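What follows is a short report on a single structure.
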2 protein chains.
Amino acid sequence: MPTERTRVRRRPERGHYDRATIDAILDEALLCHVGVVVDGEPFVIPTTIVREGDWVYLHGSPKNRLLTTIAAGAAACITVTLVDSIVAGRSGFGMSMDYRSVVIFAHGEVIDDPAEKNRLVYRFVEAIIPGHQVRPAKPQELNATLFLRFPIEEASAKIRDVGVVDPEEDQALDLWAGVVPLKLVAGEPRPCPALKPGTATPDYAKGWKRP
Amino acid sequence: MPTERTRVRRRPERGHYDRATIDAILDEALLCHVGVVVDGEPFVIPTTIVREGDWVYLHGSPKNRLLTTIAAGAAACITVTLVDSIVAGRSGFGMSMDYRSVVIFAHGEVIDDPAEKNRLVYRFVEAIIPGHQVRPAKPQELNATLFLRFPIEEASAKIRDVGVVDPEEDQALDLWAGVVPLKLVAGEPRPCPALKPGTATPDYAKGWKRP
């Protein structure tokens with residue numbers, strides 16, 4: 001159920017509060033934008049995001065100001081946006097985008113348990129580039145990484161997928177209108193120049209795409 | 001020159017404060033994430049952004065809570081992020097993204113002049129889908145649109161473009177590492193079903209790409 005903050009007021013028909021819709025958007029996203037209040041002023045930074053069950057996870061340096069502010073108890077607003085199309089209407093007013101977004105309001109919990117931090121390292125790798133193999137994490141690397149988790153409780157999705165919605169009187173105009181679909185696609189992988197000789201580019205890198 | 005807020009402290013070599021670098025990132029972006037403090041809590045929403053000269057412009061409904069909060073004087077943090085590659089290192093610690101981002105701290109000014117609002121309608125159209133023709137805006141449409149401009153003064157860019165940076169001892173491992181370049185690409189335009197018969201899909205829609 002939406003709260004006062006998560007309820008989509010403008011265009012309420014575009015608001016969604018079911019977890020299946022919210023989770024699908026979170027799972028397709030590579031990154032989110034996190035907002036925090038620091039000294040009364042807003043700060044927004046991008047960072048990678050992973051969902052697992054009823055939580056989203058962020059991570060970064062223990063020196064990252066925004067993450068340490070959250071770790072110290074500050075509320076966060078985590079927003080994910082997937083742009084699906086440019087919508088070109090017959091007027092400036094009819095210009096738009098089709099998109100899917102999620103907003104989560106939550107406080108973050110610091111994850112201290114080294115075993116859980118170690119597990120999350122692999123979770124992030126798998127979420128970003130499924131199939132990629134990495135060596136085990138070193139204790140000093142885990143110590144130098146701050147993991148935070150946030151409950152997906154006060155959350156909502158907003159979806160615009162209706163394309164052009166010009167008023168009927170505009171439809172007689174001699175103007176083109178339509179949507180230009182957009183997609184995030186992967187190019188040819190570029191192997192690290194220092195690879196051990198003979199290391200082939202794996203199929204998971206060649207065939208990377210979003211879920 | 002960076003201020004205390006805009007100075008990139010972590011990895012200072014990735015911070016850029018020159019307008020050419022900042023402007024190029026802003027001009028490539030279709031949207032930004034805007035953060036505002038409402039009742040002491042952070043709110044972050046996505047919205048389209050246009051740069052012109054020393055200003056960035058946002059627009060939306062005069063009923064949009066976040067924009068009206070800014071119009072009433074609240075500080076904003078405007079963040080733009082372009083993801084260029086997934087960086088797959090040989091450890092979880094070596095996972096990253098190559099990206100370019102800009103953060104602007106600013107207060108917004110409401111644009112009241114109808115002629116300037118009318119001009120901005122076309123500016124937004126041209127920024128989002130260059131070459132697209134629209135009918136003139138109606139006075140009630142201009143009245144129903146809130147335009148805000150923000151000075152690009154307290155702003156910084158952060159660029160990661162170094163690919164894999166695994167420590168030397170990892171390079172002997174039998175693991176693939178490399179970058180998977182990502183690009184936002186346009187698909188085949190889908191014309192509005194209500195187009196006037198005989199309206200061809202224009203080349204600007206077929207050939208859309210980011211600058």
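Following the order of the structure tokens, chains are lettered A, B, ..., residues in each are numbered from 1, and ligands are numbered from 1.
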
Discussion item. Need the shell around Lys158 of chain A: protein/DNA/RNA residues with any atom at most 7 Å away, counting only C-alpha atoms. Skip same-chain ones fewer than 5 positions apart. Format as a ChimeraX atom specification?
Written reply: /A:14-16,100-102

Discussion item. Show me, as number ranges by chain, every residue of chain B with an atom at most 7 Å from chain A, counting only C-alpha atoms.
Written reply: B: 33, 35-37, 41-46, 75-77, 79, 81, 90-93, 121-122, 125, 133-137, 141, 164, 171-192, 194-196, 199, 201, 205

Worksheet item: Where does DSSP see strand (DSSP E) in segment 110-207 of chain A, if you list the residues as a PyMOL selection string?
Response: chain A and resi 110+146-151+154-160+178-186+190-191

Dump of C-alpha atoms for the selected residues, as a compact mmCIF listing (two decimals), in the first residue's frame:
```
# COMPACT_ATOMS: atom_id res chain seq x y z
CA VAL A 110 25.23 -1.54 7.73
CA LEU A 146 30.83 -0.62 3.17
CA PHE A 147 27.69 -2.63 2.40
CA LEU A 148 24.28 -1.21 3.19
CA ARG A 149 20.89 -2.82 2.81
CA PHE A 150 17.51 -1.10 2.59
CA PRO A 151 14.07 -2.68 3.00
CA GLU A 154 8.04 2.31 1.39
CA ALA A 155 8.38 2.00 -2.37
CA SER A 156 6.47 2.75 -5.54
CA ALA A 157 6.89 2.31 -9.26
CA LYS A 158 5.80 4.74 -11.94
CA ILE A 159 5.36 3.55 -15.49
CA ARG A 160 4.61 5.59 -18.58
CA GLY A 178 5.62 8.64 -32.78
CA VAL A 179 8.00 6.98 -30.41
CA VAL A 180 11.69 6.24 -30.81
CA PRO A 181 12.46 3.15 -28.69
CA LEU A 182 15.72 3.28 -26.75
CA LYS A 183 17.80 0.39 -25.48
CA LEU A 184 21.01 0.01 -23.54
CA VAL A 185 23.09 -2.41 -25.62
CA ALA A 186 26.54 -3.90 -25.20
CA ARG A 190 37.53 -5.20 -24.79
CA PRO A 191 39.80 -7.62 -22.91
```

Worksheet item: What separation in Å, quoted to one decimal, exists between atom CA of Ala20 of chain B and atom CA of Arg7 of chain B?
Response: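 Value for the atom CA of Ala20 of chain B-atom CA of Arg7 of chain B distance: 17.0 Å.
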